[in-house]
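This is upload25.cif (mmCIF, N, CA and C atoms).
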data_coords
loop_
_atom_site.label_atom_id
_atom_site.label_comp_id
_atom_site.auth_asym_id
_atom_site.auth_seq_id
_atom_site.Cartn_x
_atom_site.Cartn_y
_atom_site.Cartn_z
N MET A 1 -1.52 -2.98 -30.27
CA MET A 1 -0.59 -3.70 -29.41
C MET A 1 -1.16 -3.74 -27.98
N GLU A 2 -1.12 -4.91 -27.38
CA GLU A 2 -1.63 -5.09 -26.03
C GLU A 2 -0.60 -4.60 -25.01
N GLU A 3 -1.10 -3.99 -23.95
CA GLU A 3 -0.24 -3.47 -22.90
C GLU A 3 -0.50 -4.26 -21.62
N PHE A 4 0.55 -4.49 -20.86
CA PHE A 4 0.44 -5.24 -19.61
C PHE A 4 0.86 -4.36 -18.44
N VAL A 5 0.22 -4.56 -17.31
CA VAL A 5 0.44 -3.73 -16.14
C VAL A 5 0.78 -4.61 -14.95
N VAL A 6 1.85 -4.25 -14.25
CA VAL A 6 2.15 -4.85 -12.94
C VAL A 6 1.63 -3.86 -11.92
N TYR A 7 0.93 -4.37 -10.93
CA TYR A 7 0.33 -3.49 -9.93
C TYR A 7 0.58 -4.04 -8.53
N ILE A 8 0.57 -3.13 -7.59
CA ILE A 8 0.67 -3.50 -6.17
C ILE A 8 -0.53 -2.88 -5.48
N LEU A 9 -1.25 -3.71 -4.76
CA LEU A 9 -2.40 -3.27 -3.97
C LEU A 9 -2.01 -3.29 -2.50
N PHE A 10 -2.65 -2.43 -1.73
CA PHE A 10 -2.40 -2.38 -0.29
C PHE A 10 -3.72 -2.33 0.45
N SER A 11 -3.85 -3.14 1.48
CA SER A 11 -5.00 -3.12 2.38
C SER A 11 -4.56 -2.43 3.67
N GLU A 12 -4.99 -1.19 3.85
CA GLU A 12 -4.64 -0.46 5.07
C GLU A 12 -5.21 -1.14 6.30
N LYS A 13 -6.42 -1.64 6.17
CA LYS A 13 -7.13 -2.28 7.28
C LYS A 13 -6.34 -3.48 7.82
N GLN A 14 -5.76 -4.27 6.92
CA GLN A 14 -5.06 -5.49 7.32
C GLN A 14 -3.53 -5.41 7.17
N ASN A 15 -3.01 -4.28 6.66
CA ASN A 15 -1.59 -4.09 6.46
C ASN A 15 -0.99 -5.19 5.58
N LYS A 16 -1.67 -5.46 4.47
CA LYS A 16 -1.26 -6.50 3.52
C LYS A 16 -1.02 -5.89 2.15
N THR A 17 -0.09 -6.49 1.40
CA THR A 17 0.11 -6.11 0.01
C THR A 17 -0.21 -7.29 -0.90
N TYR A 18 -0.51 -6.96 -2.13
CA TYR A 18 -0.77 -7.96 -3.15
C TYR A 18 -0.15 -7.48 -4.45
N VAL A 19 0.60 -8.35 -5.12
CA VAL A 19 1.25 -8.03 -6.39
C VAL A 19 0.61 -8.88 -7.48
N GLY A 20 0.31 -8.25 -8.61
CA GLY A 20 -0.27 -8.97 -9.73
C GLY A 20 0.06 -8.30 -11.05
N PHE A 21 -0.35 -8.94 -12.14
CA PHE A 21 -0.23 -8.30 -13.44
C PHE A 21 -1.48 -8.61 -14.24
N THR A 22 -1.78 -7.72 -15.19
CA THR A 22 -2.99 -7.83 -15.99
C THR A 22 -2.85 -7.04 -17.27
N SER A 23 -3.78 -7.25 -18.18
CA SER A 23 -3.85 -6.40 -19.37
C SER A 23 -5.03 -5.42 -19.26
N ASP A 24 -5.78 -5.49 -18.16
CA ASP A 24 -6.91 -4.57 -17.95
C ASP A 24 -7.00 -4.22 -16.46
N LEU A 25 -6.29 -3.17 -16.08
CA LEU A 25 -6.17 -2.83 -14.66
C LEU A 25 -7.52 -2.46 -14.04
N SER A 26 -8.33 -1.71 -14.72
CA SER A 26 -9.59 -1.29 -14.10
C SER A 26 -10.51 -2.48 -13.81
N ASP A 27 -10.62 -3.43 -14.74
CA ASP A 27 -11.43 -4.62 -14.49
C ASP A 27 -10.83 -5.48 -13.38
N ARG A 28 -9.52 -5.61 -13.38
CA ARG A 28 -8.86 -6.44 -12.37
C ARG A 28 -9.04 -5.82 -10.98
N PHE A 29 -8.88 -4.50 -10.89
CA PHE A 29 -9.05 -3.82 -9.61
C PHE A 29 -10.48 -3.98 -9.10
N LYS A 30 -11.44 -3.86 -10.00
CA LYS A 30 -12.85 -4.04 -9.62
C LYS A 30 -13.08 -5.47 -9.13
N SER A 31 -12.44 -6.42 -9.77
CA SER A 31 -12.56 -7.81 -9.35
C SER A 31 -12.02 -8.00 -7.93
N HIS A 32 -10.85 -7.43 -7.66
CA HIS A 32 -10.25 -7.56 -6.32
C HIS A 32 -11.14 -6.93 -5.24
N ASN A 33 -11.75 -5.81 -5.55
CA ASN A 33 -12.50 -5.07 -4.53
C ASN A 33 -13.98 -5.38 -4.46
N GLU A 34 -14.57 -5.91 -5.55
CA GLU A 34 -16.03 -6.08 -5.55
C GLU A 34 -16.53 -7.42 -6.07
N LEU A 35 -16.01 -7.87 -7.20
CA LEU A 35 -16.64 -8.98 -7.92
C LEU A 35 -16.23 -10.37 -7.46
N ALA A 36 -14.98 -10.55 -7.12
CA ALA A 36 -14.49 -11.88 -6.77
C ALA A 36 -15.22 -12.42 -5.55
N THR A 37 -15.49 -13.73 -5.58
CA THR A 37 -16.17 -14.36 -4.45
C THR A 37 -15.29 -15.36 -3.71
N LYS A 38 -14.08 -15.59 -4.23
CA LYS A 38 -13.13 -16.46 -3.54
C LYS A 38 -11.72 -16.02 -3.89
N GLY A 39 -10.76 -16.48 -3.09
CA GLY A 39 -9.37 -16.15 -3.33
C GLY A 39 -8.78 -15.28 -2.22
N PHE A 40 -7.50 -15.05 -2.31
CA PHE A 40 -6.73 -14.32 -1.30
C PHE A 40 -7.25 -12.91 -1.08
N THR A 41 -7.53 -12.19 -2.17
CA THR A 41 -7.79 -10.76 -2.03
C THR A 41 -9.13 -10.42 -1.37
N ILE A 42 -10.08 -11.31 -1.39
CA ILE A 42 -11.39 -10.95 -0.81
C ILE A 42 -11.32 -10.79 0.71
N LYS A 43 -10.37 -11.44 1.34
CA LYS A 43 -10.26 -11.38 2.80
C LYS A 43 -9.73 -10.05 3.30
N TYR A 44 -9.09 -9.27 2.41
CA TYR A 44 -8.39 -8.07 2.86
C TYR A 44 -8.96 -6.78 2.25
N ARG A 45 -10.15 -6.84 1.73
CA ARG A 45 -10.78 -5.65 1.15
C ARG A 45 -11.01 -4.59 2.21
N PRO A 46 -10.98 -3.32 1.86
CA PRO A 46 -10.78 -2.75 0.54
C PRO A 46 -9.29 -2.59 0.21
N TRP A 47 -8.99 -2.62 -1.07
CA TRP A 47 -7.63 -2.45 -1.58
C TRP A 47 -7.48 -1.08 -2.21
N ILE A 48 -6.27 -0.53 -2.10
CA ILE A 48 -5.93 0.68 -2.84
C ILE A 48 -4.72 0.35 -3.71
N VAL A 49 -4.63 0.98 -4.86
CA VAL A 49 -3.49 0.79 -5.76
C VAL A 49 -2.37 1.71 -5.30
N ILE A 50 -1.19 1.13 -5.01
CA ILE A 50 -0.06 1.95 -4.58
C ILE A 50 1.06 2.00 -5.61
N TYR A 51 0.97 1.17 -6.67
CA TYR A 51 2.03 1.14 -7.68
C TYR A 51 1.48 0.53 -8.96
N VAL A 52 1.84 1.12 -10.10
CA VAL A 52 1.56 0.53 -11.40
C VAL A 52 2.77 0.77 -12.31
N GLU A 53 3.05 -0.20 -13.15
CA GLU A 53 4.11 -0.07 -14.15
C GLU A 53 3.63 -0.78 -15.42
N PHE A 54 3.79 -0.12 -16.55
CA PHE A 54 3.29 -0.62 -17.83
C PHE A 54 4.41 -1.29 -18.62
N PHE A 55 4.05 -2.37 -19.33
CA PHE A 55 5.00 -3.14 -20.14
C PHE A 55 4.37 -3.44 -21.49
N ASN A 56 5.21 -3.58 -22.51
CA ASN A 56 4.74 -3.93 -23.85
C ASN A 56 4.60 -5.43 -24.05
N SER A 57 5.25 -6.22 -23.18
CA SER A 57 5.17 -7.66 -23.34
C SER A 57 4.74 -8.33 -22.04
N LYS A 58 4.02 -9.41 -22.21
CA LYS A 58 3.55 -10.20 -21.08
C LYS A 58 4.73 -10.77 -20.30
N SER A 59 5.76 -11.23 -21.00
CA SER A 59 6.90 -11.85 -20.33
C SER A 59 7.64 -10.85 -19.43
N GLU A 60 7.78 -9.60 -19.88
CA GLU A 60 8.44 -8.58 -19.06
C GLU A 60 7.61 -8.26 -17.82
N ALA A 61 6.30 -8.19 -17.99
CA ALA A 61 5.42 -7.93 -16.85
C ALA A 61 5.50 -9.08 -15.84
N MET A 62 5.53 -10.30 -16.35
CA MET A 62 5.62 -11.46 -15.47
C MET A 62 6.94 -11.48 -14.69
N LYS A 63 8.02 -11.07 -15.34
CA LYS A 63 9.32 -11.01 -14.66
C LYS A 63 9.28 -10.01 -13.51
N LYS A 64 8.68 -8.84 -13.76
CA LYS A 64 8.61 -7.81 -12.72
C LYS A 64 7.71 -8.26 -11.58
N GLU A 65 6.58 -8.88 -11.90
CA GLU A 65 5.70 -9.40 -10.86
C GLU A 65 6.44 -10.43 -10.01
N LYS A 66 7.14 -11.33 -10.65
CA LYS A 66 7.90 -12.36 -9.93
C LYS A 66 8.96 -11.73 -9.03
N PHE A 67 9.63 -10.68 -9.53
CA PHE A 67 10.64 -9.99 -8.73
C PHE A 67 10.01 -9.40 -7.47
N PHE A 68 8.87 -8.71 -7.63
CA PHE A 68 8.23 -8.10 -6.46
C PHE A 68 7.79 -9.13 -5.43
N LYS A 69 7.62 -10.37 -5.84
CA LYS A 69 7.21 -11.42 -4.91
C LYS A 69 8.39 -12.08 -4.20
N THR A 70 9.63 -11.66 -4.53
CA THR A 70 10.81 -12.17 -3.83
C THR A 70 11.01 -11.37 -2.55
N GLY A 71 11.91 -11.84 -1.70
CA GLY A 71 12.23 -11.11 -0.48
C GLY A 71 12.76 -9.72 -0.76
N VAL A 72 13.64 -9.59 -1.75
CA VAL A 72 14.19 -8.29 -2.12
C VAL A 72 13.08 -7.38 -2.65
N GLY A 73 12.23 -7.93 -3.49
CA GLY A 73 11.11 -7.15 -4.03
C GLY A 73 10.18 -6.66 -2.94
N ARG A 74 9.87 -7.51 -1.98
CA ARG A 74 9.00 -7.13 -0.86
C ARG A 74 9.63 -6.00 -0.04
N GLU A 75 10.94 -6.06 0.14
CA GLU A 75 11.64 -4.99 0.87
C GLU A 75 11.56 -3.67 0.10
N ILE A 76 11.70 -3.72 -1.21
CA ILE A 76 11.57 -2.51 -2.02
C ILE A 76 10.17 -1.94 -1.92
N ILE A 77 9.17 -2.79 -1.94
CA ILE A 77 7.79 -2.34 -1.78
C ILE A 77 7.63 -1.64 -0.44
N LYS A 78 8.11 -2.28 0.61
CA LYS A 78 7.97 -1.73 1.95
C LYS A 78 8.69 -0.38 2.06
N LYS A 79 9.89 -0.31 1.53
CA LYS A 79 10.71 0.90 1.66
C LYS A 79 10.20 2.05 0.79
N ASN A 80 9.76 1.75 -0.43
CA ASN A 80 9.47 2.81 -1.38
C ASN A 80 8.00 3.13 -1.59
N TYR A 81 7.09 2.20 -1.31
CA TYR A 81 5.70 2.42 -1.68
C TYR A 81 4.73 2.41 -0.52
N LEU A 82 5.14 1.92 0.62
CA LEU A 82 4.24 1.91 1.78
C LEU A 82 4.55 3.07 2.70
N LYS A 83 3.54 3.71 3.16
CA LYS A 83 3.70 4.82 4.11
C LYS A 83 3.19 4.36 5.47
N LEU A 84 3.99 3.52 6.10
CA LEU A 84 3.58 2.95 7.39
C LEU A 84 4.16 3.74 8.53
#
Would you mind writing the file out in structure tokens?
Amino acid sequence: MEEFVVYILFSEKQNKTYVGFTSDLSDRFKSHNELATKGFTIKYRPWIVIYVEFFNSKSEAMKKEKFFKTGVGREIIKKNYLKL
């Protein structure tokens, strides 16, 4: 059975967060920090992982990712996972 992960990355240097989901966290994290040559995340390297949550279904992971990208979700991230 495939497992899906919702993750939150934080760039201390730029004070930015990034929310995503994947079925392979280690490869995705490496892509954000080293391999990618274009996209949002390359501008804010280096990233650290501040949150992960595992799901059995892609649809549940996508729902959680979408929630974290809402205003309420962003507030929860700021309040519970960032040490600013």
(request) Go through the shown structure with the PyMOL selection byres ((chain A and resi 55) around 5) and write out the matching residues as a PyMOL selection string. (result) chain A and resi 3-5+53-54+56-57
Include N, CA and C atoms and write out the residues we just selected as a compact mmCIF listing (two decimals), in the frame of the given file.
# COMPACT_ATOMS: atom_id res chain seq x y z
N GLU A 3 -1.10 -3.99 -23.95
CA GLU A 3 -0.24 -3.47 -22.90
C GLU A 3 -0.50 -4.26 -21.62
N PHE A 4 0.55 -4.49 -20.86
CA PHE A 4 0.44 -5.24 -19.61
C PHE A 4 0.86 -4.36 -18.44
N VAL A 5 0.22 -4.56 -17.31
CA VAL A 5 0.44 -3.73 -16.14
C VAL A 5 0.78 -4.61 -14.95
N GLU A 53 3.05 -0.20 -13.15
CA GLU A 53 4.11 -0.07 -14.15
C GLU A 53 3.63 -0.78 -15.42
N PHE A 54 3.79 -0.12 -16.55
CA PHE A 54 3.29 -0.62 -17.83
C PHE A 54 4.41 -1.29 -18.62
N ASN A 56 5.21 -3.58 -22.51
CA ASN A 56 4.74 -3.93 -23.85
C ASN A 56 4.60 -5.43 -24.05
N SER A 57 5.25 -6.22 -23.18
CA SER A 57 5.17 -7.66 -23.34
C SER A 57 4.74 -8.33 -22.04
(message) Can you measure CA of Thr22 in chain A to CA of Glu65 in chain A for me? One decimal in Å is fine.
(response) 10.2 Å
(message) When you look at Val19 in chain A with a cut-off of 7 Å (counting only N, CA and C atoms), what residues show up, excluding the ones that are within fewer than 4 positions of it in the same chain? I need them as a list in words.
(response) Val6, Tyr7, Ile8, Leu9, Glu65, Phe68 and Lys69 of chain A
(request) Would you kindly translate the PyMOL selection byres ((chain A and resi 38-44) around 8) into the concrete residues it picks from this file, as a VMD selection string? (result) chain A and resid 10 to 16 18 31 to 37 45 to 47
Restricted to N, CA and C atoms, what would the selected residues look like written as a PDB file, in the coordinates of the input?
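Result written to result17.pdb:
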ATOM      1  N   PHE A  10      -2.650  -2.430  -1.730  1.00  0.00           N
ATOM      2  CA  PHE A  10      -2.400  -2.380  -0.290  1.00  0.00           C
ATOM      3  C   PHE A  10      -3.720  -2.330   0.450  1.00  0.00           C
ATOM      4  N   SER A  11      -3.850  -3.140   1.480  1.00  0.00           N
ATOM      5  CA  SER A  11      -5.000  -3.120   2.380  1.00  0.00           C
ATOM      6  C   SER A  11      -4.560  -2.430   3.670  1.00  0.00           C
ATOM      7  N   GLU A  12      -4.990  -1.190   3.850  1.00  0.00           N
ATOM      8  CA  GLU A  12      -4.640  -0.460   5.070  1.00  0.00           C
ATOM      9  C   GLU A  12      -5.210  -1.140   6.300  1.00  0.00           C
ATOM     10  N   LYS A  13      -6.420  -1.640   6.170  1.00  0.00           N
ATOM     11  CA  LYS A  13      -7.130  -2.280   7.280  1.00  0.00           C
ATOM     12  C   LYS A  13      -6.340  -3.480   7.820  1.00  0.00           C
ATOM     13  N   GLN A  14      -5.760  -4.270   6.920  1.00  0.00           N
ATOM     14  CA  GLN A  14      -5.060  -5.490   7.320  1.00  0.00           C
ATOM     15  C   GLN A  14      -3.530  -5.410   7.170  1.00  0.00           C
ATOM     16  N   ASN A  15      -3.010  -4.280   6.660  1.00  0.00           N
ATOM     17  CA  ASN A  15      -1.590  -4.090   6.460  1.00  0.00           C
ATOM     18  C   ASN A  15      -0.990  -5.190   5.580  1.00  0.00           C
ATOM     19  N   LYS A  16      -1.670  -5.460   4.470  1.00  0.00           N
ATOM     20  CA  LYS A  16      -1.260  -6.500   3.520  1.00  0.00           C
ATOM     21  C   LYS A  16      -1.020  -5.890   2.150  1.00  0.00           C
ATOM     22  N   TYR A  18      -0.510  -6.960  -2.130  1.00  0.00           N
ATOM     23  CA  TYR A  18      -0.770  -7.960  -3.150  1.00  0.00           C
ATOM     24  C   TYR A  18      -0.150  -7.480  -4.450  1.00  0.00           C
ATOM     25  N   SER A  31     -12.440  -6.420  -9.770  1.00  0.00           N
ATOM     26  CA  SER A  31     -12.560  -7.810  -9.350  1.00  0.00           C
ATOM     27  C   SER A  31     -12.020  -8.000  -7.930  1.00  0.00           C
ATOM     28  N   HIS A  32     -10.850  -7.430  -7.660  1.00  0.00           N
ATOM     29  CA  HIS A  32     -10.250  -7.560  -6.320  1.00  0.00           C
ATOM     30  C   HIS A  32     -11.140  -6.930  -5.240  1.00  0.00           C
ATOM     31  N   ASN A  33     -11.750  -5.810  -5.550  1.00  0.00           N
ATOM     32  CA  ASN A  33     -12.500  -5.070  -4.530  1.00  0.00           C
ATOM     33  C   ASN A  33     -13.980  -5.380  -4.460  1.00  0.00           C
ATOM     34  N   GLU A  34     -14.570  -5.910  -5.550  1.00  0.00           N
ATOM     35  CA  GLU A  34     -16.030  -6.080  -5.550  1.00  0.00           C
ATOM     36  C   GLU A  34     -16.530  -7.420  -6.070  1.00  0.00           C
ATOM     37  N   LEU A  35     -16.010  -7.870  -7.200  1.00  0.00           N
ATOM     38  CA  LEU A  35     -16.640  -8.980  -7.920  1.00  0.00           C
ATOM     39  C   LEU A  35     -16.230 -10.370  -7.460  1.00  0.00           C
ATOM     40  N   ALA A  36     -14.980 -10.550  -7.120  1.00  0.00           N
ATOM     41  CA  ALA A  36     -14.490 -11.880  -6.770  1.00  0.00           C
ATOM     42  C   ALA A  36     -15.220 -12.420  -5.550  1.00  0.00           C
ATOM     43  N   THR A  37     -15.490 -13.730  -5.580  1.00  0.00           N
ATOM     44  CA  THR A  37     -16.170 -14.360  -4.450  1.00  0.00           C
ATOM     45  C   THR A  37     -15.290 -15.360  -3.710  1.00  0.00           C
ATOM     46  N   ARG A  45     -10.150  -6.840   1.730  1.00  0.00           N
ATOM     47  CA  ARG A  45     -10.780  -5.650   1.150  1.00  0.00           C
ATOM     48  C   ARG A  45     -11.010  -4.590   2.210  1.00  0.00           C
ATOM     49  N   PRO A  46     -10.980  -3.320   1.860  1.00  0.00           N
ATOM     50  CA  PRO A  46     -10.780  -2.750   0.540  1.00  0.00           C
ATOM     51  C   PRO A  46      -9.290  -2.590   0.210  1.00  0.00           C
ATOM     52  N   TRP A  47      -8.990  -2.620  -1.070  1.00  0.00           N
ATOM     53  CA  TRP A  47      -7.630  -2.450  -1.580  1.00  0.00           C
ATOM     54  C   TRP A  47      -7.480  -1.080  -2.210  1.00  0.00           C
TER      55      TRP A  47
END
(request) Output as JSON, numbers by chain all residues of chain A that backbone DSSP marks as helix (DSSP H, G or I). (result) {"A": [25, 26, 27, 28, 29, 30, 31, 32, 33, 34, 35, 40, 41, 42, 43, 44, 58, 59, 60, 61, 62, 63, 64, 65, 66, 67, 68, 71, 72, 73, 74, 75, 76, 77, 78, 79, 80]}
(message) Considering only strand (DSSP E) as DSSP defines it on the backbone, what residues of chain A qualify? List them as a list of chain:residue names.
(response) A:Phe4, A:Val5, A:Val6, A:Tyr7, A:Ile8, A:Leu9, A:Phe10, A:Ser11, A:Lys16, A:Thr17, A:Tyr18, A:Val19, A:Gly20, A:Phe21, A:Thr22, A:Ile48, A:Val49, A:Ile50, A:Tyr51, A:Val52, A:Glu53, A:Phe54, A:Phe55
How big is the axis-aligned box, and where does its centre sit, when it encloses all atoms of range 9-22 of chain A listed in the file and has 5 Å added on every side, reported in Å to one decimal as lines of an AutoDock Vina configuration file?
center_x = -2.9
center_y = -4.7
center_z = -4.7
size_x = 18.4
size_y = 18.5
size_z = 35.1
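If you look at CA of Ser23 in chain A and CA of Glu2 in chain A, they are 7.1 Å away from each other.
Going from CA of Asn80 in chain A over to atom N of Asp27 in chain A, you cover 24.9 Å.
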(request) Between A:Thr70, A:Ser26, A:Ala61, A:Ile50, single out the one closest to Leu82 in chain A, counting only N, CA and C atoms. (result) A:Ile50
(request) May I ask which of the residues A:Tyr51, A:Phe67, A:Phe29, A:Glu60 is the closest one to Tyr81 in chain A, counting all atoms listed in the file? (result)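 Looking at the shortest contact to Tyr81 in chain A, the residue is A:Tyr51.
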